[in-house]
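Q: Compact mmCIF, C-alpha atoms, saved as input.txt, coming up:
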# COMPACT_ATOMS: atom_id res chain seq x y z
CA MET A 1 -104.45 35.84 22.72
CA GLY A 2 -101.27 34.93 24.61
CA VAL A 3 -99.60 37.26 27.09
CA ARG A 4 -96.68 38.09 24.80
CA ARG A 5 -98.89 38.88 21.82
CA ARG A 6 -101.17 41.01 23.98
CA GLU A 7 -98.15 43.00 25.19
CA MET A 8 -97.02 43.47 21.60
CA LEU A 9 -100.46 44.72 20.60
CA GLU A 10 -100.56 47.19 23.49
CA PHE A 11 -97.10 48.45 22.50
CA ALA A 12 -98.19 48.84 18.87
CA VAL A 13 -101.41 50.64 19.80
CA LEU A 14 -99.56 53.06 22.07
CA GLY A 15 -96.98 53.62 19.33
CA LEU A 16 -99.60 54.48 16.72
CA LEU A 17 -101.52 56.73 19.11
CA HIS A 18 -98.22 58.43 19.92
CA GLU A 19 -98.30 59.64 16.31
CA ASP A 20 -101.97 60.68 16.02
CA PRO A 21 -105.32 60.36 17.82
CA LEU A 22 -107.25 57.63 15.99
CA HIS A 23 -110.65 56.02 16.03
CA GLY A 24 -110.91 52.26 16.17
CA TYR A 25 -111.44 51.67 12.44
CA GLU A 26 -108.35 53.67 11.44
CA LEU A 27 -106.29 52.16 14.22
CA ARG A 28 -107.14 48.65 13.03
CA ARG A 29 -106.39 49.62 9.43
CA ARG A 30 -102.93 50.89 10.36
CA LEU A 31 -102.20 47.83 12.45
CA ASN A 32 -103.25 45.62 9.52
CA THR A 33 -101.26 47.49 6.87
CA ARG A 34 -98.15 48.62 8.71
CA LEU A 35 -97.50 45.75 11.08
CA GLY A 36 -97.49 42.29 9.57
CA ALA A 37 -97.90 40.65 12.97
CA PHE A 38 -101.44 42.08 13.12
CA ARG A 39 -102.66 41.62 9.54
CA ALA A 40 -105.58 39.47 10.68
CA LEU A 41 -106.44 41.54 13.76
CA SER A 42 -110.16 41.67 14.51
CA PHE A 43 -112.17 44.32 16.33
CA GLY A 44 -112.97 41.59 18.84
CA THR A 45 -109.28 41.64 19.80
CA LEU A 46 -108.59 45.36 19.35
CA TYR A 47 -111.41 46.79 21.47
CA PRO A 48 -110.64 44.73 24.59
CA CYS A 49 -107.04 45.93 24.23
CA LEU A 50 -108.20 49.56 24.05
CA ALA A 51 -110.48 49.02 27.04
CA SER A 52 -107.55 47.62 29.01
CA LEU A 53 -105.35 50.58 28.08
CA GLN A 54 -108.12 52.96 29.10
CA GLY A 55 -108.51 51.13 32.40
CA GLN A 56 -104.80 51.62 33.05
CA GLY A 57 -105.07 55.32 32.28
CA LEU A 58 -102.78 55.03 29.25
CA VAL A 59 -105.41 55.96 26.65
CA ASP A 60 -108.42 58.30 26.61
CA GLY A 61 -111.47 57.81 24.39
CA ASP A 62 -113.94 60.49 23.31
CA GLY A 63 -117.07 59.92 21.20
CA ALA A 64 -117.66 62.20 18.25
CA ARG A 65 -120.17 62.20 15.39
CA THR A 66 -118.57 61.61 12.01
CA GLY A 67 -119.83 62.86 8.68
CA GLY A 68 -123.19 63.98 10.03
CA GLY A 69 -124.32 60.38 10.41
CA ARG A 70 -126.00 58.75 13.36
CA ARG A 71 -123.11 56.60 14.40
CA GLN A 72 -120.52 57.78 16.84
CA ARG A 73 -116.88 56.87 16.63
CA ILE A 74 -114.62 57.02 19.63
CA THR A 75 -111.34 58.79 19.00
CA TYR A 76 -108.53 57.39 21.12
CA THR A 77 -105.70 59.58 22.41
CA ILE A 78 -102.58 58.58 24.28
CA THR A 79 -102.20 60.12 27.76
CA GLU A 80 -99.00 61.33 29.43
CA ALA A 81 -98.98 58.09 31.39
CA GLY A 82 -99.34 56.26 28.08
CA ARG A 83 -96.35 58.12 26.63
CA ALA A 84 -94.28 57.15 29.64
CA ALA A 85 -95.41 53.52 29.37
CA PHE A 86 -94.56 53.45 25.65
CA ALA A 87 -91.10 54.91 26.35
CA GLU A 88 -90.49 52.22 28.96
CA LEU A 89 -91.55 49.46 26.56
CA ALA A 90 -89.49 50.96 23.71
CA GLY A 91 -86.45 50.92 25.98
CA ARG A 92 -86.49 47.15 26.40
CA SER A 93 -83.92 45.09 24.54
CA ASP A 94 -84.44 41.60 25.94
CA PRO A 95 -84.47 38.45 23.75
CA PRO A 96 -88.25 38.61 23.13
CA SER A 97 -87.61 41.98 21.41
CA TRP A 98 -85.92 40.28 18.48
CA ALA A 99 -88.09 37.17 18.34
CA ASP A 100 -89.84 36.35 15.06
CA ASP A 101 -93.22 37.67 16.20
CA ALA A 102 -91.92 40.89 17.78
CA PHE A 103 -89.01 42.14 15.72
CA ASP A 104 -91.00 43.84 12.94
CA VAL A 105 -93.18 45.58 15.52
CA ARG A 106 -90.15 46.91 17.36
CA VAL A 107 -88.50 48.14 14.14
CA ALA A 108 -91.71 49.91 13.13
CA PHE A 109 -91.22 52.21 16.13
CA PHE A 110 -87.45 52.65 15.97
CA ALA A 111 -88.03 56.36 15.32
CA ARG A 112 -88.96 56.58 19.02
CA THR A 113 -86.26 54.19 20.24
CA GLU A 114 -82.83 55.14 21.54
CA ARG A 115 -79.88 54.25 19.31
CA GLU A 116 -78.23 51.88 21.81
CA VAL A 117 -81.49 49.97 22.21
CA ARG A 118 -81.91 49.78 18.43
CA LEU A 119 -78.40 48.36 18.11
CA ARG A 120 -78.95 45.71 20.78
CA ILE A 121 -82.18 44.61 19.10
CA LEU A 122 -80.61 44.51 15.64
CA GLU A 123 -77.58 42.61 16.91
CA GLY A 124 -79.78 40.18 18.83
CA ARG A 125 -81.89 39.56 15.74
CA ARG A 126 -78.79 39.02 13.61
CA ALA A 127 -77.36 36.52 16.10
CA ARG A 128 -80.64 34.60 16.13
CA LEU A 129 -80.84 34.43 12.32
CA ALA A 130 -77.16 33.50 12.03
CA GLU A 131 -77.79 30.58 14.38
CA GLN A 132 -80.82 29.55 12.32
CA LEU A 133 -78.69 29.72 9.17
CA ARG A 134 -76.05 27.45 10.70
CA ALA A 135 -78.74 24.98 11.71
CA MET A 136 -80.14 24.98 8.17
CA ARG A 137 -76.72 24.25 6.67
CA GLU A 138 -76.05 21.47 9.15
CA GLY A 139 -79.53 19.95 8.83
CA ALA A 140 -80.41 16.43 7.82
CA THR A 141 -80.22 15.39 4.17
CA ARG A 142 -83.48 16.08 2.31
CA ALA A 143 -85.22 13.13 0.74
CA ASP A 144 -86.59 14.71 -2.44
CA ARG A 145 -86.12 17.67 -4.76
CA TRP A 146 -89.07 19.56 -3.29
CA SER A 147 -87.59 19.43 0.17
CA VAL A 148 -84.26 20.54 -1.28
CA ALA A 149 -85.91 23.45 -3.11
CA LEU A 150 -87.80 24.58 -0.01
CA ALA A 151 -84.68 24.37 2.16
CA ALA A 152 -82.70 26.37 -0.40
CA HIS A 153 -85.43 29.03 -0.50
CA ASP A 154 -85.45 29.35 3.30
CA GLU A 155 -81.67 29.50 3.44
CA ASP A 156 -81.52 32.20 0.76
CA ALA A 157 -84.15 34.32 2.55
CA THR A 158 -82.28 34.01 5.84
CA GLU A 159 -78.96 34.93 4.20
CA ARG A 160 -80.51 38.08 2.74
CA ALA A 161 -82.07 38.98 6.08
CA VAL A 162 -78.68 38.65 7.79
CA ALA A 163 -77.06 40.86 5.12
CA TRP A 164 -79.82 43.45 5.57
CA LEU A 165 -79.25 43.48 9.32
CA ASP A 166 -75.51 43.86 8.76
CA GLU A 167 -76.20 47.03 6.75
CA LEU A 168 -78.54 48.45 9.39
CA ILE A 169 -76.06 47.73 12.17
CA ASP A 170 -73.20 49.24 10.19
CA ALA A 171 -75.23 52.37 9.45
CA GLU A 172 -76.16 52.78 13.13
CA ARG A 173 -72.55 52.42 14.22
CA ARG A 174 -71.32 54.96 11.67
CA GLU A 175 -73.74 57.64 12.88
CA PRO A 176 -73.60 57.73 16.68
CA HIS A 177 -75.21 61.17 16.82
CA ALA A 178 -78.05 60.54 14.36
CA ARG A 179 -81.58 61.20 15.56
CA PRO A 180 -83.49 58.01 16.51
CA GLY A 181 -84.76 56.14 13.51
CA THR A 182 -82.87 58.13 10.89
CA LEU A 183 -79.99 57.50 8.52
CA SER A 184 -78.26 60.14 6.44
CA ASP A 185 -79.28 58.59 3.14
CA PRO A 186 -82.91 57.40 2.78
CA SER A 187 -81.95 55.51 -0.39
CA HIS A 188 -79.56 53.32 1.62
CA PRO A 189 -80.22 49.62 0.93
CA ALA A 190 -81.02 49.16 4.61
CA PHE A 191 -84.35 50.81 3.96
CA ASN A 192 -85.33 47.97 1.63
CA PRO A 193 -85.65 44.85 3.80
CA PRO A 194 -85.48 41.51 2.06
CA PRO A 195 -88.56 39.32 1.98
CA THR A 196 -88.84 36.71 4.70
CA LYS A 197 -91.29 33.96 5.52
CA GLU A 198 -92.99 36.36 7.95
CA ASN A 199 -92.81 39.35 5.57
CA PRO A 200 -93.01 38.06 1.95
The structure in this file should be written as structure tokens.

A:
Amino acid sequence: MGVRRREMLEFAVLGLLHEDPLHGYELRRRLNTRLGAFRALSFGTLYPCLASLQGQGLVDGDGARTGGGRRQRITYTITEAGRAAFAELAGRSDPPSWADDAFDVRVAFFARTEREVRLRILEGRRARLAEQLRAMREGATRADRWSVALAAHDEDATERAVAWLDELIDAERREPHARPGTLSDPSHPAFNPPPTKENP
């Protein structure tokens, strides 16, 4: 696992433990189902991450018998140091924050992210996709109908993603005093992201 992906995983684990204490099985399930970047995450990757977080004093782990069986499951809990570390990570709004492999993870924890940081990440992501869209439109001529169809599909998905980001950005700007991660109308189209190649 590369350094950037390991940092993303640590951020995601701290974010989920910020919500509830969890044992490893449930933590992996939530990472798999809620965060597309970790759909294929194995225990062989998760447990070394948890061990590292424990070694840094960011997470505590306590064994407890479950269901009267023989096996013990360790329940992991975020520490005060872990909360502070998560807040520091959630406050970052550098270019890697809106990269393809990080953006969905950051948005998943926007409820614990300051509005100005959310806006910078959304605007950075929009700028990146707008540049990709320009490159698509200026690309080389496709040789066959299948290449044309695939290019049109990618362009359409990117256009919809840019429009979705426009709505999110507009909603954030209209509500400067809204609590982090909330909009006044949960039925707003911004809550229904368009499919992308990373999130079909």

Q: Of the candidates A:Arg128, A:Arg112, A:His18, A:Arg137, which shows the shortest atom-to-atom distance to Pro96 of chain A, using all atoms listed in the file?

A: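 Smallest distance to Pro96 of chain A is found for A:Arg128.
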
Q: Just how far from atom CA of Trp98 of chain A is atom CA of Arg125 of chain A, in Å to one decimal?

A: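 Computed distance, atom CA of Arg125 of chain A to atom CA of Trp98 of chain A, equals 4.9 Å.
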
Q: If we count all atoms listed in the file and set the cut-off at 10 Å, which residues sit around Thr77 of chain A, ignoring sequence neighbours fewer than 3 positions away in its own chain? Please answer as a PyMOL selection string.

A: chain A and resi 14+16-23+54+58-62+74+80+82

Q: Ranking A:Arg6, A:Gly36, A:Leu150, A:Glu155 by minimum distance to Phe103 of chain A and counting only C-alpha atoms, which one comes first?

A: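 Nearest to Phe103 of chain A: A:Gly36.
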
Q: Could you name the residues that touch Ala151 of chain A at 10 Å or less, counting only C-alpha atoms, but leaving out those on the same chain fewer than 6 positions away, as a PyMOL selection string?

A: chain A and resi 136-137+139+142+145+157

Q: Output C-alpha atoms for every residue in the selection just made, as a CSV table (one decimal), in the coordinates of the input.

A:
chain,number,residue,atom,x,y,z
A,136,MET,CA,-80.1,25.0,8.2
A,137,ARG,CA,-76.7,24.2,6.7
A,139,GLY,CA,-79.5,20.0,8.8
A,142,ARG,CA,-83.5,16.1,2.3
A,145,ARG,CA,-86.1,17.7,-4.8
A,157,ALA,CA,-84.2,34.3,2.6

Q: Tell me, in Å to one decimal, how far atom CA of Ala108 of chain A is from atom CA of Gly57 of chain A.

A: 24.0 Å

Q: I want to know what sits within 12 Å of segment 39-53 of chain A, based on only C-alpha atoms, with residues of the same chain fewer than 4 positions away left out; could you give that as a PyMOL selection string?

A: chain A and resi 1-3+5-14+17+22-35+57-61+74-79+81-83+85-86+105+198-199

Q: Tell me which protein, DNA and RNA residues are within 12 Å of Glu123 of chain A, counting all atoms listed in the file, leaving out same-chain ones fewer than 4 positions away, and put them as a ChimeraX atom specification.

A: /A:93-95,97-99,103,116-119,127-130,162-170,172-173
